[in-house]
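Structure below is query.txt: compact mmCIF, C-alpha atoms and all ligand atoms.
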# COMPACT_ATOMS: atom_id res chain seq x y z
CA MET A 1275 147.76 113.11 94.58
CA LYS A 1276 147.29 109.46 93.85
CA ILE A 1277 143.77 108.07 94.18
CA GLU A 1278 144.14 105.07 96.47
CA ARG A 1279 140.62 103.94 97.16
CA ILE A 1280 137.08 104.66 95.96
CA GLU A 1281 133.85 103.64 97.70
CA LEU A 1282 130.24 103.70 96.59
CA HIS A 1283 127.40 103.87 99.11
CA HIS A 1284 123.89 103.27 97.81
CA ILE A 1285 121.61 104.84 100.40
CA ASN A 1286 117.91 105.56 100.74
CA LEU A 1287 116.38 108.31 102.90
CA PRO A 1288 112.70 108.99 103.64
CA LEU A 1289 111.64 112.46 102.47
CA ALA A 1290 110.20 114.79 105.10
CA HIS A 1291 107.28 115.43 102.73
CA PRO A 1292 106.28 113.46 99.58
CA PHE A 1293 107.41 115.25 96.42
CA GLU A 1294 105.20 115.07 93.31
CA THR A 1295 106.12 116.25 89.83
CA SER A 1296 104.43 115.73 86.47
CA PHE A 1297 106.41 112.46 86.21
CA GLY A 1298 105.56 110.93 89.58
CA ARG A 1299 105.37 111.03 93.35
CA GLU A 1300 108.40 110.22 95.51
CA LEU A 1301 108.28 109.22 99.19
CA THR A 1302 111.94 108.33 99.64
CA ARG A 1303 115.07 109.42 97.86
CA PRO A 1304 117.75 106.87 97.01
CA CYS A 1305 121.16 108.05 95.85
CA ILE A 1306 124.76 106.96 95.49
CA LEU A 1307 127.44 108.67 97.55
CA VAL A 1308 130.98 108.43 96.21
CA ALA A 1309 134.01 108.59 98.52
CA VAL A 1310 137.49 109.09 97.04
CA HIS A 1311 140.49 108.48 99.31
CA ALA A 1312 144.02 109.83 98.81
CA SER A 1313 146.86 110.89 101.13
CA GLY A 1314 144.75 110.47 104.25
CA LEU A 1315 141.92 112.65 102.92
CA THR A 1316 138.43 111.67 101.73
CA GLY A 1317 136.45 113.62 99.16
CA TRP A 1318 132.70 113.05 98.86
CA GLY A 1319 130.37 113.41 95.91
CA GLU A 1320 126.68 112.70 95.37
CA CYS A 1321 125.26 111.04 92.28
CA SER A 1322 121.74 112.32 91.71
CA ALA A 1323 120.42 109.45 89.57
CA GLY A 1324 117.02 108.32 90.86
CA ALA A 1325 115.29 105.01 91.46
CA GLY A 1326 113.77 104.93 87.97
CA PRO A 1327 114.43 106.59 84.60
CA TRP A 1328 111.81 109.31 85.19
CA PHE A 1329 113.66 112.60 85.37
CA SER A 1330 116.47 111.35 83.14
CA SER A 1331 117.41 108.01 81.62
CA GLU A 1332 119.93 107.35 84.38
CA THR A 1333 119.01 105.24 87.41
CA ILE A 1334 120.80 104.07 90.52
CA GLU A 1335 121.56 100.80 88.70
CA THR A 1336 122.94 102.36 85.52
CA ALA A 1337 125.06 104.75 87.56
CA TRP A 1338 126.35 101.94 89.79
CA HIS A 1339 127.29 99.90 86.72
CA VAL A 1340 129.02 102.77 84.92
CA LEU A 1341 130.85 103.89 88.05
CA ARG A 1342 131.99 100.39 89.00
CA ASP A 1343 132.93 99.13 85.54
CA PHE A 1344 134.20 102.24 83.74
CA LEU A 1345 134.63 105.40 85.80
CA ILE A 1346 136.32 103.98 88.91
CA PRO A 1347 138.81 101.94 86.83
CA ALA A 1348 139.59 105.09 84.80
CA VAL A 1349 140.86 107.03 87.84
CA LEU A 1350 141.82 104.51 90.54
CA GLY A 1351 145.60 104.52 91.10
CA GLN A 1352 145.98 107.64 88.95
CA GLU A 1353 147.69 110.90 89.87
CA VAL A 1354 145.20 113.76 89.98
CA VAL A 1355 146.32 117.37 90.22
CA ALA A 1356 143.22 119.16 88.91
CA PRO A 1357 139.59 118.12 88.32
CA THR A 1358 140.23 118.39 84.58
CA ASP A 1359 142.49 115.31 84.92
CA VAL A 1360 139.37 113.33 85.85
CA VAL A 1361 137.30 114.90 83.10
CA ALA A 1362 139.97 113.92 80.57
CA ARG A 1363 139.93 110.31 81.82
CA PHE A 1364 136.11 110.19 81.49
CA ARG A 1365 136.09 111.53 77.95
CA ARG A 1366 135.54 108.12 76.38
CA VAL A 1367 132.31 107.67 78.32
CA ARG A 1368 129.29 108.94 76.45
CA GLY A 1369 126.23 109.92 78.42
CA HIS A 1370 125.82 108.96 82.10
CA PRO A 1371 126.40 112.52 83.34
CA MET A 1372 125.09 111.86 86.86
CA ALA A 1373 127.49 108.96 87.32
CA ARG A 1374 130.40 111.07 86.07
CA ALA A 1375 129.42 114.02 88.24
CA GLY A 1376 129.28 111.92 91.41
CA LEU A 1377 132.91 110.90 91.06
CA GLU A 1378 134.25 114.15 89.59
CA ASN A 1379 132.63 116.15 92.41
CA ALA A 1380 134.24 113.90 95.01
CA VAL A 1381 137.62 114.70 93.44
CA TRP A 1382 136.87 118.46 93.60
CA ASP A 1383 136.18 118.06 97.33
CA LEU A 1384 139.37 116.03 97.77
CA LEU A 1385 141.53 118.60 95.94
CA ALA A 1386 139.93 121.52 97.75
CA GLN A 1387 140.71 119.85 101.10
CA ALA A 1388 144.27 119.11 100.00
CA GLN A 1389 144.77 122.79 99.16
CA GLY A 1390 143.01 124.06 102.26
CA VAL A 1391 140.40 126.02 100.30
CA SER A 1392 136.63 125.81 100.30
CA LEU A 1393 134.90 124.19 97.36
CA ALA A 1394 133.29 127.57 96.61
CA ASP A 1395 136.66 129.34 96.54
CA MET A 1396 138.11 126.63 94.34
CA LEU A 1397 135.22 126.98 91.90
CA ASN A 1398 135.70 130.74 91.91
CA GLY A 1399 139.31 130.38 90.90
CA ALA A 1400 141.43 129.99 94.02
CA ALA A 1401 144.83 128.78 92.81
CA VAL A 1402 144.80 125.10 92.13
CA GLY A 1403 146.60 122.55 90.06
CA ARG A 1404 149.74 122.82 88.06
CA PRO A 1405 150.49 126.03 86.25
CA GLY A 1406 150.52 126.04 82.49
CA PRO A 1407 147.92 125.52 79.82
CA THR A 1408 146.16 122.50 81.34
CA GLY A 1409 146.33 123.43 84.99
CA ALA A 1410 145.23 126.96 84.31
CA ALA A 1411 142.03 124.96 84.20
CA VAL A 1412 140.62 126.45 87.34
CA GLY A 1413 140.20 130.14 87.03
CA ARG A 1414 140.93 130.35 83.35
CA PRO A 1415 139.75 128.05 80.62
CA GLY A 1416 142.47 125.72 79.42
CA PRO A 1417 142.16 123.62 76.29
CA THR A 1418 139.37 121.49 77.71
CA GLU A 1419 137.16 124.32 78.85
CA ALA A 1420 137.88 126.41 75.79
CA ALA A 1421 136.25 123.68 73.75
CA VAL A 1422 132.83 124.98 74.71
CA GLY A 1423 131.64 127.44 72.18
CA ARG A 1424 135.26 128.42 71.59
CA PRO A 1425 135.23 131.33 74.00
CA GLY A 1426 137.19 134.27 72.70
CA PRO A 1427 138.91 136.76 74.97
CA THR A 1428 135.65 138.35 76.06
CA GLU A 1429 133.96 135.11 77.06
CA ALA A 1430 137.07 133.87 78.85
CA ALA A 1431 137.28 137.03 80.90
CA VAL A 1432 133.97 136.51 82.68
CA GLY A 1433 133.60 136.32 86.37
CA ARG A 1434 136.78 135.04 87.98
CA PRO A 1435 138.69 135.67 90.12
CA GLY A 1436 136.95 137.78 92.73
CA PRO A 1437 135.75 137.51 96.30
CA THR A 1438 133.46 134.51 96.71
CA ARG A 1439 129.93 135.27 97.90
CA ASP A 1440 129.31 134.06 101.44
CA ARG A 1441 125.53 133.63 100.98
CA VAL A 1442 123.51 132.45 98.02
CA PRO A 1443 119.85 133.36 97.34
CA VAL A 1444 117.50 130.39 97.44
CA GLY A 1445 113.87 129.48 96.93
CA VAL A 1446 111.68 126.45 97.42
CA SER A 1447 110.22 124.05 94.86
CA VAL A 1448 106.65 123.05 95.78
CA GLY A 1449 105.35 119.78 94.41
CA ILE A 1450 101.92 118.99 93.04
CA GLU A 1451 99.45 118.46 95.90
CA PRO A 1452 96.18 116.49 96.05
CA ALA A 1453 94.11 119.68 96.23
CA LEU A 1454 94.53 123.42 95.73
CA GLU A 1455 93.86 124.16 99.42
CA VAL A 1456 96.68 121.85 100.42
CA LEU A 1457 99.03 123.59 98.00
CA LEU A 1458 98.07 127.04 99.29
CA ASP A 1459 98.80 125.87 102.83
CA ARG A 1460 102.21 124.58 101.73
CA VAL A 1461 103.06 127.87 100.06
CA ASP A 1462 101.84 129.72 103.18
CA GLN A 1463 104.13 127.61 105.30
CA HIS A 1464 107.16 128.22 103.07
CA VAL A 1465 106.54 131.95 102.88
CA ALA A 1466 106.27 131.98 106.69
CA GLU A 1467 109.56 130.06 106.89
CA GLY A 1468 111.15 132.92 104.97
CA TYR A 1469 111.48 131.69 101.40
CA GLY A 1470 111.55 134.70 99.11
CA ARG A 1471 110.95 132.75 95.89
CA VAL A 1472 108.58 129.89 95.19
CA LYS A 1473 108.51 127.44 92.28
CA LEU A 1474 105.29 125.56 91.54
CA LYS A 1475 105.26 122.26 89.72
CA ILE A 1476 102.63 122.28 86.98
CA LYS A 1477 101.08 119.77 84.57
CA PRO A 1478 98.02 119.84 82.30
CA GLY A 1479 95.01 120.37 84.56
CA TRP A 1480 97.19 121.75 87.38
CA ASP A 1481 98.40 125.00 85.88
CA VAL A 1482 96.58 128.26 85.12
CA ASP A 1483 94.03 128.04 87.96
CA VAL A 1484 96.67 127.01 90.45
CA VAL A 1485 99.06 129.78 89.47
CA ARG A 1486 96.21 132.31 89.52
CA ALA A 1487 95.22 131.26 93.05
CA VAL A 1488 98.78 131.56 94.32
CA ARG A 1489 99.29 134.89 92.56
CA GLU A 1490 96.05 136.30 94.03
CA ARG A 1491 97.10 135.34 97.54
CA TRP A 1492 100.70 136.61 97.15
CA PRO A 1493 100.66 139.42 94.54
CA ASP A 1494 104.35 140.30 94.96
CA LEU A 1495 105.92 136.91 95.58
CA PRO A 1496 108.70 136.04 93.12
CA LEU A 1497 107.13 133.01 91.47
CA GLN A 1498 108.09 130.54 88.73
CA VAL A 1499 106.71 127.27 87.37
CA ASP A 1500 108.22 123.96 86.26
CA ALA A 1501 106.36 121.58 83.91
CA ASN A 1502 108.96 118.79 83.75
CA CYS A 1503 108.15 118.19 80.05
CA ALA A 1504 104.40 117.69 80.50
CA TYR A 1505 103.26 119.80 77.50
CA THR A 1506 103.61 119.90 73.72
CA LEU A 1507 103.64 122.75 71.24
CA ASP A 1508 99.87 122.22 70.85
CA ASP A 1509 99.52 123.52 74.40
CA ALA A 1510 101.04 126.91 73.49
CA PRO A 1511 97.71 128.70 74.19
CA VAL A 1512 97.66 127.44 77.80
CA LEU A 1513 101.29 128.38 78.30
CA ARG A 1514 100.61 131.85 76.88
CA GLU A 1515 97.94 132.30 79.56
CA LEU A 1516 100.68 132.02 82.16
CA ASP A 1517 102.20 135.24 80.83
CA GLN A 1518 99.66 137.28 82.83
CA PHE A 1519 101.03 136.15 86.22
CA ASP A 1520 104.37 137.94 86.07
CA LEU A 1521 106.42 134.76 86.50
CA LEU A 1522 110.20 134.83 86.72
CA LEU A 1523 110.33 131.98 84.22
CA ILE A 1524 108.57 128.90 82.84
CA GLU A 1525 110.78 125.82 83.17
CA GLN A 1526 110.93 122.99 80.61
CA PRO A 1527 107.37 122.74 79.27
CA PHE A 1528 108.32 120.40 76.39
CA HIS A 1529 110.06 117.09 75.68
CA TYR A 1530 113.18 116.22 77.69
CA ASP A 1531 115.48 116.43 74.68
CA ASP A 1532 113.80 119.25 72.83
CA ILE A 1533 115.19 122.62 71.96
CA VAL A 1534 113.43 123.16 68.60
CA ASP A 1535 109.86 123.36 69.92
CA HIS A 1536 110.98 125.52 72.83
CA ALA A 1537 112.50 127.89 70.27
CA GLN A 1538 109.07 128.05 68.62
CA LEU A 1539 107.38 128.92 71.90
CA GLN A 1540 109.80 131.48 73.35
CA PRO A 1541 108.92 134.30 70.90
CA GLN A 1542 105.22 133.79 71.73
CA LEU A 1543 105.83 134.58 75.42
CA ARG A 1544 106.88 137.58 77.45
CA THR A 1545 107.99 135.26 80.25
CA PRO A 1546 111.48 133.78 79.83
CA LEU A 1547 111.63 130.08 79.12
CA CYS A 1548 114.17 128.15 81.17
CA LEU A 1549 115.55 124.76 80.16
CA ASP A 1550 116.32 122.01 82.67
CA GLU A 1551 116.00 118.44 81.27
CA SER A 1552 117.13 119.39 77.73
CA ILE A 1553 120.56 120.69 78.76
CA HIS A 1554 122.88 117.71 79.21
CA SER A 1555 126.21 119.37 78.46
CA PRO A 1556 127.89 122.68 77.63
CA GLU A 1557 127.25 121.91 73.97
CA HIS A 1558 123.50 121.60 74.55
CA ALA A 1559 123.56 124.95 76.33
CA ARG A 1560 125.25 126.60 73.36
CA TRP A 1561 122.87 124.99 70.86
CA ALA A 1562 119.83 126.09 72.88
CA LEU A 1563 121.05 129.68 73.14
CA ASP A 1564 122.06 129.78 69.48
CA ILE A 1565 118.51 128.98 68.36
CA GLY A 1566 116.74 131.05 71.01
CA ALA A 1567 115.15 128.10 72.83
CA CYS A 1568 115.36 129.79 76.25
CA ARG A 1569 116.43 132.97 78.03
CA VAL A 1570 117.49 131.30 81.29
CA ILE A 1571 119.26 128.02 82.08
CA ASN A 1572 118.78 125.83 85.14
CA ILE A 1573 122.16 124.26 85.95
CA LYS A 1574 122.14 120.92 87.76
CA VAL A 1575 125.56 119.50 88.35
CA GLY A 1576 124.44 115.90 87.85
CA ARG A 1577 122.45 116.54 84.70
CA VAL A 1578 125.39 118.29 82.99
CA GLY A 1579 128.07 115.86 84.15
CA GLY A 1580 130.07 117.57 86.90
CA LEU A 1581 131.45 120.84 88.19
CA THR A 1582 133.79 121.40 85.25
CA ALA A 1583 130.79 121.39 82.91
CA VAL A 1584 128.89 123.62 85.35
CA ARG A 1585 131.57 126.26 85.05
CA GLN A 1586 131.67 125.99 81.28
CA ILE A 1587 127.91 126.53 81.03
CA HIS A 1588 128.07 129.31 83.60
CA ASP A 1589 130.78 131.14 81.64
CA LEU A 1590 129.06 130.67 78.30
CA CYS A 1591 125.80 132.07 79.70
CA ALA A 1592 127.58 134.96 81.43
CA ALA A 1593 129.24 135.94 78.17
CA ARG A 1594 125.84 135.99 76.49
CA HIS A 1595 124.11 137.80 79.37
CA VAL A 1596 121.86 134.81 80.05
CA PRO A 1597 121.18 134.35 83.78
CA VAL A 1598 121.54 130.91 85.35
CA TRP A 1599 120.37 129.38 88.61
CA CYS A 1600 121.08 126.18 90.49
CA GLY A 1601 118.48 123.42 90.18
CA GLY A 1602 117.98 120.75 92.80
CA MET A 1603 117.46 116.99 92.85
CA LEU A 1604 116.36 116.59 96.49
CA GLU A 1605 120.01 116.16 97.45
CA THR A 1606 121.39 115.13 100.81
CA ASN A 1607 123.68 117.62 102.54
CA VAL A 1608 126.57 116.27 100.46
CA GLY A 1609 124.95 117.32 97.20
CA ARG A 1610 123.47 120.43 98.79
CA ALA A 1611 126.97 121.57 99.74
CA THR A 1612 128.01 121.20 96.09
CA ASN A 1613 124.98 123.22 95.01
CA VAL A 1614 125.61 126.00 97.52
CA ALA A 1615 129.25 126.20 96.39
CA LEU A 1616 128.49 126.33 92.68
CA ALA A 1617 125.74 128.91 93.20
CA THR A 1618 128.42 131.36 94.38
CA LEU A 1619 129.63 131.77 90.77
CA PRO A 1620 128.78 135.32 89.73
CA ASN A 1621 126.23 134.62 87.00
CA PHE A 1622 124.00 132.57 89.36
CA THR A 1623 121.78 135.62 89.71
CA LEU A 1624 118.41 133.90 90.23
CA PRO A 1625 117.55 132.08 93.49
CA GLY A 1626 118.39 128.36 93.42
CA ASP A 1627 116.26 125.32 94.27
CA ILE A 1628 118.52 124.81 97.26
CA SER A 1629 116.25 124.83 100.27
CA ALA A 1630 117.20 124.29 103.90
CA SER A 1631 118.07 120.71 104.85
CA ALA A 1632 114.93 120.36 106.97
CA ARG A 1633 112.74 120.80 103.89
CA TYR A 1634 114.04 117.49 102.51
CA TYR A 1635 114.99 115.06 105.30
CA ARG A 1636 114.21 114.70 108.96
CA GLU A 1637 117.73 113.43 109.53
CA ASP A 1638 120.43 113.85 106.90
CA ILE A 1639 123.52 111.62 106.63
CA ALA A 1640 125.88 114.63 106.81
CA GLU A 1641 126.28 117.60 109.16
CA PRO A 1642 125.86 120.45 109.71
CA ASN A 1643 122.44 121.13 108.24
CA PHE A 1644 121.90 124.12 105.98
CA VAL A 1645 119.53 126.62 107.61
CA LEU A 1646 117.60 129.40 105.90
CA ASN A 1647 118.85 132.91 106.74
CA ASP A 1648 116.28 135.67 107.18
CA ASP A 1649 117.15 137.11 103.76
CA SER A 1650 116.17 133.85 101.98
CA THR A 1651 119.77 132.77 101.54
CA LEU A 1652 121.92 129.85 102.63
CA SER A 1653 125.38 130.53 104.03
CA VAL A 1654 128.36 129.17 102.14
CA PRO A 1655 130.67 126.95 104.20
CA SER A 1656 134.13 128.50 104.43
CA GLY A 1657 136.24 125.60 105.75
CA PRO A 1658 138.34 123.39 103.47
CA GLY A 1659 136.42 121.28 100.96
CA ARG A 1660 132.65 121.07 100.77
CA GLY A 1661 132.13 121.87 104.44
CA VAL A 1662 129.89 119.01 105.61
CA ARG A 1663 130.98 115.79 107.31
CA LEU A 1664 129.36 112.39 107.05
CA VAL A 1665 127.84 110.91 110.21
CA PRO A 1666 129.04 107.27 110.05
CA GLU A 1667 126.13 105.75 112.02
CA ARG A 1668 123.55 107.52 109.91
CA LEU A 1669 125.31 106.54 106.70
CA ALA A 1670 125.40 102.91 107.86
CA ALA A 1671 121.72 103.00 108.82
CA ALA A 1672 120.64 104.43 105.45
CA ARG A 1673 122.88 102.17 103.38
CA LEU A 1674 121.51 99.45 101.11
CA ARG A 1675 124.72 98.50 99.31
CA HIS A 1676 128.44 99.21 99.48
CA LEU A 1677 131.36 98.73 97.14
CA ALA A 1678 135.07 99.51 97.64
CA ARG A 1679 137.92 99.38 95.18
CA SER A 1680 141.52 100.09 96.13
CA VAL A 1681 144.83 100.10 94.32
CA GLN A 1682 145.91 97.03 96.26
CA GLY A 1683 142.98 95.26 94.69
CA GLY A 1684 140.94 94.93 97.89
CA GLN A 1685 137.26 94.58 97.05
CA THR A 1686 134.07 94.30 99.02
O1 LIG B 1 112.75 119.48 87.75
O2 LIG B 1 113.71 120.69 89.16
C1 LIG B 1 113.21 119.62 88.87
C2 LIG B 1 113.28 117.32 91.95
C3 LIG B 1 113.47 116.10 91.35
C4 LIG B 1 113.53 116.03 89.98
C5 LIG B 1 113.40 117.18 89.21
C6 LIG B 1 113.24 118.41 89.79
C7 LIG B 1 113.13 118.48 91.19
C8 LIG B 1 112.89 119.70 91.92
C9 LIG B 1 113.36 119.73 93.34
O3 LIG B 1 112.26 120.64 91.49
C10 LIG B 1 114.18 120.89 93.67
C11 LIG B 1 114.89 120.72 94.99
O4 LIG B 1 115.78 119.85 95.13
O5 LIG B 1 114.56 121.49 95.90
MG MG B 2 113.05 121.27 86.60
In structure tokens, how does this file's structure come out?
Amino acid sequence: MKIERIELHHINLPLAHPFETSFGRELTRPCILVAVHASGLTGWGECSAGAGPWFSSETIETAWHVLRDFLIPAVLGQEVVAPTDVVARFRRVRGHPMARAGLENAVWDLLAQAQGVSLADMLNGAAVGRPGPTGAAVGRPGPTEAAVGRPGPTEAAVGRPGPTRDRVPVGVSVGIEPALEVLLDRVDQHVAEGYGRVKLKIKPGWDVDVVRAVRERWPDLPLQVDANCAYTLDDAPVLRELDQFDLLLIEQPFHYDDIVDHAQLQPQLRTPLCLDESIHSPEHARWALDIGACRVINIKVGRVGGLTAVRQIHDLCAARHVPVWCGGMLETNVGRATNVALATLPNFTLPGDISASARYYREDIAEPNFVLNDDSTLSVPSGPGRGVRLVPERLAAARLRHLARSVQGGQT
């Protein structure tokens, strides 16, 4: 199909509860929504870049610039049969994975709708695209996908096709709170809501004692921690103390680009290390695994540059028996729908940071909301595409800026 029109919506939504990590406290969540129009259909994608360069170097402004000036011109007016067509057109762009993912994911939604399949089914290999080496893309690695770690026959054989899961296991990520009592109340609340796995944000001074208190109150709760890069190798003794709490994993203690120091730490721990910030692409995933920097990978679609890269990392990890799970960036229901869909891939064996919609926003810009099932899962939408629809009045109310580009040259 020919891409006729692309829109960007810069929105801002108040969070239901402030979210604090080792890099800062957020009260609202801005993001860019990307709409791609073709043949009477509209695909939506969410760009997870934040207000400032805190989680990653990308921001709303850098993503807006790269989308407007490079990514939109690369695909507008072009014929697109498979998502890999978009990936190929973005190949000249270095970095800016969140910007790329926002647009590529909108095209996945568009193509899934055009083929009458759910985004989850499409990711799991429902027939799509032209046959032959390139279009085999979905379901089987074609030339582009094969580029990652050069999968041989064994690696290529992982996972697809098969029946798509209709529920994905999820947990909740609990931010840093002003006091331990407040945190314990938050965890209480989330456990009562039915979350079967909790992640605690940690930083120096808010770590061993906090984890001990939570572990004492909930001896059997599946628990993990996320440091968002707040430590250095000198802190290895503190991190080793966390080994006693039977954590599922310790996420990204060191520098946002590091794999070398993590590889030093991993052999000193029983607990698996998990990388988040350091994995920007399928290549980074392979390098990290090759040097033993982690035993688990957190996959965020924005951080790795789109759903094609998600599948490459997923397949690489599956072939090496390394579990993956879906990270979150406080997405709206648009991004949450992407996360739920990608978490149906078979090697997403750990619960994702994909909580119910109500945990993030009082009123989302898309419907229906995701609701927690009593087995700590979210249900996977089964209709065509991503399975949520934008509510125009809410989108308009949350919008700060809008841009439209069409093949006829119309601009706003
Ligand atoms: O490191 O996983 C992280 C939110 C913003 C930036 C970084 C992270 C997070 C989360 C939130 O942990 C997870 C979620 O969306 O539920
Ligand atoms: Mg993280």
query = Residues within 8 Å of ligand MG 2 (chain B) (all atoms listed in the file), as a ChimeraX atom specification?
reply = /A:1500-1502,1525-1526,1549-1551,1572,1601-1602
request  = Identify which of the residues A:Glu1281, A:Asp1627, A:Asp1535, A:Glu1332 lies closest to Arg1577 in chain A, counting only C-alpha atoms when measuring atom-to-atom distances.
outcome  = A:Glu1332
key: Contacts to ligand LIG 1 (chain B) at 10 Å cut-off (all atoms listed in the file) as a count of residues only   = 55
Closest atom pairs, range 1608-1632 of chain A residues within 10 Å of range 1436-1440 of chain A, all atoms listed in the file, as JSON lines:
{"residue": "A:Val1614", "atom": "CA", "partner": "A:Asp1440", "partner_atom": "CA", "distance": 9.7}
{"residue": "A:Ala1615", "atom": "CA", "partner": "A:Arg1439", "partner_atom": "CA", "distance": 9.2}
{"residue": "A:Ala1617", "atom": "CA", "partner": "A:Arg1439", "partner_atom": "CA", "distance": 8.9}
{"residue": "A:Thr1618", "atom": "CA", "partner": "A:Arg1439", "partner_atom": "CA", "distance": 5.5}
{"residue": "A:Leu1619", "atom": "CA", "partner": "A:Thr1438", "partner_atom": "CA", "distance": 7.6}
{"residue": "A:Pro1620", "atom": "CA", "partner": "A:Arg1439", "partner_atom": "CA", "distance": 8.3}
Those same residues, written as an mmCIF file, in the coordinates of the input with C-alpha atoms?
data_model
loop_
_atom_site.group_PDB
_atom_site.id
_atom_site.type_symbol
_atom_site.label_atom_id
_atom_site.label_comp_id
_atom_site.auth_asym_id
_atom_site.auth_seq_id
_atom_site.Cartn_x
_atom_site.Cartn_y
_atom_site.Cartn_z
ATOM 1 C CA VAL A 1614 125.610 126.000 97.520
ATOM 2 C CA ALA A 1615 129.250 126.200 96.390
ATOM 3 C CA ALA A 1617 125.740 128.910 93.200
ATOM 4 C CA THR A 1618 128.420 131.360 94.380
ATOM 5 C CA LEU A 1619 129.630 131.770 90.770
ATOM 6 C CA PRO A 1620 128.780 135.320 89.730
#
request  = Pick out the closest residue to Val1575 in chain A from this set: A:Ser1650, A:Ser1555, A:Asn1621, A:Ser1656. Count all atoms listed in the file.
outcome  =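 Of the candidates, the smallest distance to Val1575 in chain A is held by A:Ser1555.
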key: Closest of A:Leu1377, A:Ala1672, A:Val1360, A:Ala1312 to Leu1282 in chain A - atom-to-atom distances counting all atoms listed in the file   =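 Smallest separation from Leu1282 in chain A among the options: A:Leu1377.
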inquiry  = For a test of reading the model, state the distance in Å between CA of Glu1278 in chain A and CA of Ala1400 in chain A, rounded to one decimal.
reply    =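 Separating CA of Glu1278 in chain A from CA of Ala1400 in chain A is a distance of 25.2 Å.
Using all atoms listed in the file, the protein and nucleic acid residues lying no more than 9 Å from range 1516-1523 of chain A, apart from those fewer than 3 places from it along its own chain, are Asp1481, Val1482, Val1485, Arg1486, Arg1489, Pro1493, Pro1496, Leu1497, Gln1498, Val1499, Asp1500, Val1512, Leu1513, Leu1543, Arg1544, Thr1545, Pro1546, Leu1547, Cys1548, Arg1569, Val1570 and Leu1624 of chain A.
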